[in-house]
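The block underneath contains the structure these notes are about, expressed in structure tokens.
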Amino acid sequence: MTTHASHLDQTHDALLSSWITSANDPATDFPIQNLPYCAFEEKGVRRLATRIGDTIVDLGLLAASPAFAACLAKEKAPEPGIALALASGDLARVAVLGRGAGRAIRRALSHLFNASTPDLRDDAALRAKVCKDAASCTLVLTHRIGDYTDFYASIDHASTVGAMFRPDNPLLPNYTWVPIGYHGRASSIVISGTSVRRPRGQTKADDANAPVFGPCKLLDYELEVGAFIGRGNARGSSIPIGEAGEHILGLCLVNDWSARDLQKWEYQPLGPFLAKNFATTISPYIVTLDALEPFRVPARPRTGDLPAPLPYLDDDADQNRGGFDIRVEAWIDTPAMRSAGQGPARLSRGSLRHMYWTLAQMLTHHASNGCNLEPGDLIASGTVSGPEPDARGCLLELTWDAPGKPRKPVTLPGGETRTFLQDGDRVILRGACEAEGFRRIGFGACEGTITPVEG
């Protein structure tokens, strides 16, 4: 693994501990080294927050305190702009301030929650005002997501799916040259825990003369990682790849629910439509790029006949440390498993480090034609799959054996099988980062339960 020392600071110190003792649990997703953004709803109002251990911290109220202002002053940060943005309840207003403001916020929070810092620890009135039990909070989207683009960045996923339809030529000619993506539907992005209704649409059996309209029968999940845009770019301008990291606020988990039978019928000639736009679930916590610095790794190497990226997508720093070793897993919890008191069963595990295209390459390509990305927009990686069979990030891949062979259902611990999702199934995505010398940080859960179609 390679890291660049200038991107690490005191907030990454593995020895840091917090006076919020639950943050010191080695198993927590939210130690003091994480400090992700999130939001909760109180009396119908969205409040921006962070999470540390089992505590949700109201950032709008904390930012109005003299203790927080003093921390920002030490950072020489634009305190009024930061405080107003955090109080707005709209993370896009924080995103537009850029990575510098984000680093100042992170360092201020790290200082205030450090076990040795008395400012907030010993101020019972302020502590009671800003700190809440996470279990009692209703988490919501951090902002209105204006736009959403989903990529297809895993060459392992693309190769496996391509082999299903083109055994002799799994990868289309453009795949190794251009980051492929499609324009998703931002209005149907939902927070973890929201139920997902089985969609309806047109499907056509291979031996049928005409399609029919009805409920999806081949419903699938896709295990993905999403990136929220920080500072955007003006329409007609671009984002050089060497600057792409300064335009990313942070990452989350994404489940790009997919109706495979609808997709098969409609995807030509223009790609995904109703098979994808009915729901996309995201995790409630946005882990900042700064928190992820210790877990950077080289981009996937271009070996054999794979071409080097075109110059506008090629950057030494991105090749050396543009990947992230985010280990992701998909779990399933069926109605029968819940009735029997069983826990969820893991379906797959993988890592973002195996992706063919880096997040910086995706962002740079997206803006390369002058497309204006805006603060708070979401881009997603596409299915995170790896080279091993258990690293396949969706049921479409997991249940596929070889061309011409029938699908091989996944067998669950209680004896149930799944080829695709059934009503009542709950899918849980999890992600975490670990590296020697650093504290483990996590993303929380990204989950959704399938409910029957109405009517």
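Following the order of the structure tokens, first chain is A, next is B, and so on, with residues numbered from 1 inside each chain and ligands from 1 in the order they appear.
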
Open item on the list: Taking 6 positions as the minimum chain separation for residues in the same chain, which residues sit within 12 Å of Asp206 of chain A when counting only C-alpha atoms? Answer as a list in words.
Closed with: Asp261, Lys264 and Trp265 of chain A

Please write the residues from the selection above to a file, keeping C-alpha atoms, as a PDB file, in the first residue's frame.
```
ATOM      1  CA  ASP A 261     -36.108  -9.088 -16.645  1.00  0.00           C
ATOM      2  CA  LYS A 264     -33.087  -7.499 -20.607  1.00  0.00           C
ATOM      3  CA  TRP A 265     -36.022  -6.264 -22.702  1.00  0.00           C
TER       4      TRP A 265
END
```

Task: Spatial neighbours of Gly201 of chain A, 12 Å, only C-alpha atoms, chain gap at least 6 places, as a ChimeraX atom specification - done: /A:211-219,259-266,273-278,453

- [ ] May I have the residues within 9 Å of segment 244-254 of chain A as a ChimeraX atom specification, using only C-alpha atoms and disregarding those fewer than 6 positions away in the same chain?
- [x] /A:36-37,95-96,98-100,102,222-233,280-292,322,328,359-361,363-364,375-376,380-382,429-431,443-446

Could the residues in this selection be saved with C-alpha atoms as a PDB file, in the first residue's frame?
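Done, and the output landed in part_3.pdb:
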```pdb
ATOM      1  CA  PRO A  36     -18.686  11.101   8.862  1.00  0.00           C
ATOM      2  CA  TYR A  37     -21.455  13.473   7.835  1.00  0.00           C
ATOM      3  CA  ALA A  95     -19.726  20.698  -0.033  1.00  0.00           C
ATOM      4  CA  VAL A  96     -19.423  23.896  -2.058  1.00  0.00           C
ATOM      5  CA  GLY A  98     -14.368  22.689  -0.705  1.00  0.00           C
ATOM      6  CA  ARG A  99     -11.946  20.223   0.843  1.00  0.00           C
ATOM      7  CA  GLY A 100     -10.107  22.903   2.838  1.00  0.00           C
ATOM      8  CA  GLY A 102     -13.934  20.062   5.245  1.00  0.00           C
ATOM      9  CA  GLU A 222     -26.013  -4.338  -6.755  1.00  0.00           C
ATOM     10  CA  LEU A 223     -23.263  -3.701  -4.207  1.00  0.00           C
ATOM     11  CA  GLU A 224     -21.701  -0.316  -4.997  1.00  0.00           C
ATOM     12  CA  VAL A 225     -19.810   2.618  -3.523  1.00  0.00           C
ATOM     13  CA  GLY A 226     -20.942   6.179  -4.172  1.00  0.00           C
ATOM     14  CA  ALA A 227     -19.057   9.486  -4.167  1.00  0.00           C
ATOM     15  CA  PHE A 228     -20.642  12.857  -3.433  1.00  0.00           C
ATOM     16  CA  ILE A 229     -19.380  15.864  -5.350  1.00  0.00           C
ATOM     17  CA  GLY A 230     -17.873  18.683  -3.315  1.00  0.00           C
ATOM     18  CA  ARG A 231     -16.986  21.753  -5.364  1.00  0.00           C
ATOM     19  CA  GLY A 232     -18.449  21.453  -8.837  1.00  0.00           C
ATOM     20  CA  ASN A 233     -17.353  22.900 -12.154  1.00  0.00           C
ATOM     21  CA  THR A 280     -31.547   3.379  -5.247  1.00  0.00           C
ATOM     22  CA  THR A 281     -30.671   2.967  -1.565  1.00  0.00           C
ATOM     23  CA  ILE A 282     -27.720   4.762   0.036  1.00  0.00           C
ATOM     24  CA  SER A 283     -26.176   4.488   3.488  1.00  0.00           C
ATOM     25  CA  PRO A 284     -26.874   7.457   5.794  1.00  0.00           C
ATOM     26  CA  TYR A 285     -23.220   8.202   6.576  1.00  0.00           C
ATOM     27  CA  ILE A 286     -20.880  10.038   4.197  1.00  0.00           C
ATOM     28  CA  VAL A 287     -17.299   9.118   5.074  1.00  0.00           C
ATOM     29  CA  THR A 288     -15.047  11.979   4.065  1.00  0.00           C
ATOM     30  CA  LEU A 289     -12.170  11.516   1.659  1.00  0.00           C
ATOM     31  CA  ASP A 290      -9.905  12.856   4.397  1.00  0.00           C
ATOM     32  CA  ALA A 291     -10.930  10.050   6.775  1.00  0.00           C
ATOM     33  CA  LEU A 292     -10.127   7.551   4.005  1.00  0.00           C
ATOM     34  CA  GLY A 322      -6.117   6.548  -6.569  1.00  0.00           C
ATOM     35  CA  VAL A 328     -17.677  -4.334   1.111  1.00  0.00           C
ATOM     36  CA  LEU A 359     -13.151   7.547  -8.707  1.00  0.00           C
ATOM     37  CA  ALA A 360     -10.955  10.377 -10.000  1.00  0.00           C
ATOM     38  CA  GLN A 361     -11.067   8.955 -13.527  1.00  0.00           C
ATOM     39  CA  LEU A 363     -15.276  12.210 -12.181  1.00  0.00           C
ATOM     40  CA  THR A 364     -12.789  13.649 -14.674  1.00  0.00           C
ATOM     41  CA  PRO A 375     -22.150  20.229  -5.111  1.00  0.00           C
ATOM     42  CA  GLY A 376     -23.987  17.270  -3.615  1.00  0.00           C
ATOM     43  CA  ALA A 380     -21.587   5.568  -8.107  1.00  0.00           C
ATOM     44  CA  SER A 381     -19.003   2.949  -8.989  1.00  0.00           C
ATOM     45  CA  GLY A 382     -21.243   0.306 -10.477  1.00  0.00           C
ATOM     46  CA  LEU A 429     -24.666  -3.828   2.547  1.00  0.00           C
ATOM     47  CA  ARG A 430     -21.719  -3.091   4.821  1.00  0.00           C
ATOM     48  CA  GLY A 431     -18.325  -1.542   4.231  1.00  0.00           C
ATOM     49  CA  PHE A 443     -19.747   3.044   6.689  1.00  0.00           C
ATOM     50  CA  GLY A 444     -22.663   1.736   8.738  1.00  0.00           C
ATOM     51  CA  ALA A 445     -25.376  -0.288   7.001  1.00  0.00           C
ATOM     52  CA  CYS A 446     -27.183   0.258   3.711  1.00  0.00           C
TER      53      CYS A 446
END
```

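Closest approach to Ile332 of chain A among A:Arg418, A:Arg426, A:Arg127, A:Arg392: A:Arg426, based on only C-alpha atoms.
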
Open item on the list: I'd like to know which residues of segment 65-311 of chain A are strand (DSSP E) (by DSSP, run on the backbone); could you write them as a PyMOL selection string?
Closed with: chain A and resi 131-133+148-151+181-183+189-191+196-197+200-203+212-215+219-220+223-229+248-255+258-259+280-282+287-288+296-297

Task: Test item, helix (DSSP H, G or I) assignment across segment 356-394 of chain A, answer as a ChimeraX atom specification - done: /A:359-367,389-391

Would you save the residues of that selection, restricted to C-alpha atoms, as a PDB file, in the first residue's frame?
```pdb
ATOM      1  CA  LEU A 359     -13.151   7.547  -8.707  1.00  0.00           C
ATOM      2  CA  ALA A 360     -10.955  10.377 -10.000  1.00  0.00           C
ATOM      3  CA  GLN A 361     -11.067   8.955 -13.527  1.00  0.00           C
ATOM      4  CA  MET A 362     -14.848   8.637 -13.377  1.00  0.00           C
ATOM      5  CA  LEU A 363     -15.276  12.210 -12.181  1.00  0.00           C
ATOM      6  CA  THR A 364     -12.789  13.649 -14.674  1.00  0.00           C
ATOM      7  CA  HIS A 365     -14.353  11.806 -17.593  1.00  0.00           C
ATOM      8  CA  HIS A 366     -17.836  12.909 -16.518  1.00  0.00           C
ATOM      9  CA  ALA A 367     -16.808  16.570 -16.673  1.00  0.00           C
ATOM     10  CA  PRO A 389     -16.441 -16.166  -7.262  1.00  0.00           C
ATOM     11  CA  ASP A 390     -17.460 -15.005  -3.762  1.00  0.00           C
ATOM     12  CA  ALA A 391     -16.572 -11.413  -4.711  1.00  0.00           C
TER      13      ALA A 391
END
```

Task: Spatial neighbours of Phe40 of chain A, 8 Å, only C-alpha atoms, chain gap at least 6 places, as a VMD selection string - done: chain A and resid 46 to 49 137 to 140

Open item on the list: Excluding Thr28 of chain A and its own-chain neighbours fewer than 4 positions away, which residues fall within 12 Å of it when counting only C-alpha atoms? Please give them as a list in words.
Closed with: Thr21, Ser22, Ala23, Asn24, Ile32, Gln33, Asn34, Leu35, Arg51, Ile52, Gly53, Asp54, Thr55, Ala432, Cys433, Arg439, Arg440, Ile441, Gly442, Phe443 and Gly444 of chain A

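Residues in contact with Asp401 of chain A at 10 Å, where only C-alpha atoms are counted and same-chain residues fewer than 5 positions away are skipped, are listed as Thr160, Met164, Pro389, Pro406, Arg407, Lys408 and Pro409 of chain A.
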
When you look at segment 105-111 of chain A with a cut-off of 10 Å (counting only C-alpha atoms), what residues show up, excluding the ones that are within fewer than 2 positions of it in the same chain? I need them as a JSON list (two decimals) with C-alpha atoms, in the first residue's frame.
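The resulting file, around.json, is shown below:
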```json
[["chain", "number", "residue", "atom", "x", "y", "z"],
["A", 9, "ASP", "CA", -2.42, 14.48, 9.99],
["A", 10, "GLN", "CA", -3.15, 14.18, 13.69],
["A", 11, "THR", "CA", -6.78, 13.18, 13.03],
["A", 12, "HIS", "CA", -5.58, 9.80, 11.69],
["A", 16, "LEU", "CA", -6.48, 8.98, 19.58],
["A", 17, "SER", "CA", -9.32, 8.18, 21.97],
["A", 18, "SER", "CA", -12.51, 10.01, 22.82],
["A", 32, "ILE", "CA", -12.88, 9.46, 16.48],
["A", 33, "GLN", "CA", -10.79, 8.83, 13.33],
["A", 34, "ASN", "CA", -13.96, 8.63, 11.17],
["A", 35, "LEU", "CA", -16.38, 11.53, 11.89],
["A", 36, "PRO", "CA", -18.69, 11.10, 8.86],
["A", 50, "THR", "CA", -21.73, 13.63, 12.57],
["A", 52, "ILE", "CA", -18.96, 9.20, 16.89],
["A", 57, "VAL", "CA", -23.77, 15.21, 17.19],
["A", 59, "LEU", "CA", -23.29, 20.11, 13.86],
["A", 62, "LEU", "CA", -22.17, 22.80, 17.84],
["A", 63, "ALA", "CA", -20.95, 25.20, 15.14],
["A", 67, "ALA", "CA", -15.65, 26.20, 21.52],
["A", 68, "PHE", "CA", -16.14, 25.28, 17.86],
["A", 69, "ALA", "CA", -15.42, 28.85, 16.71],
["A", 70, "ALA", "CA", -12.15, 28.81, 18.65],
["A", 71, "CYS", "CA", -11.11, 25.59, 16.91],
["A", 72, "LEU", "CA", -11.83, 27.03, 13.48],
["A", 73, "ALA", "CA", -9.93, 30.19, 14.34],
["A", 74, "LYS", "CA", -6.85, 28.07, 15.03],
["A", 75, "GLU", "CA", -7.32, 26.49, 11.59],
["A", 77, "ALA", "CA", -10.86, 28.72, 8.48],
["A", 79, "GLU", "CA", -15.67, 30.41, 10.39],
["A", 82, "ILE", "CA", -18.68, 27.13, 7.80],
["A", 83, "ALA", "CA", -21.00, 27.79, 10.74],
["A", 86, "LEU", "CA", -23.54, 23.55, 8.99],
["A", 94, "VAL", "CA", -20.91, 22.53, 3.07],
["A", 99, "ARG", "CA", -11.95, 20.22, 0.84],
["A", 100, "GLY", "CA", -10.11, 22.90, 2.84],
["A", 101, "ALA", "CA", -13.22, 23.77, 4.82],
["A", 102, "GLY", "CA", -13.93, 20.06, 5.24],
["A", 103, "ARG", "CA", -10.48, 19.48, 6.71],
["A", 113, "PHE", "CA", -14.04, 14.96, 21.02],
["A", 114, "ASN", "CA", -10.50, 14.03, 22.03],
["A", 115, "ALA", "CA", -10.42, 12.41, 25.47],
["A", 116, "SER", "CA", -8.00, 15.08, 26.75],
["A", 117, "THR", "CA", -10.01, 18.11, 25.55],
["A", 118, "PRO", "CA", -12.29, 19.58, 28.28],
["A", 119, "ASP", "CA", -14.14, 22.23, 26.22],
["A", 120, "LEU", "CA", -17.16, 20.10, 25.31],
["A", 288, "THR", "CA", -15.05, 11.98, 4.06],
["A", 290, "ASP", "CA", -9.90, 12.86, 4.40],
["A", 291, "ALA", "CA", -10.93, 10.05, 6.77]]
```

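Closest approach to Arg93 of chain A among A:Ala279, A:Ala135, A:Ala128, A:Glu374 is made by A:Glu374 (distances from only C-alpha atoms).
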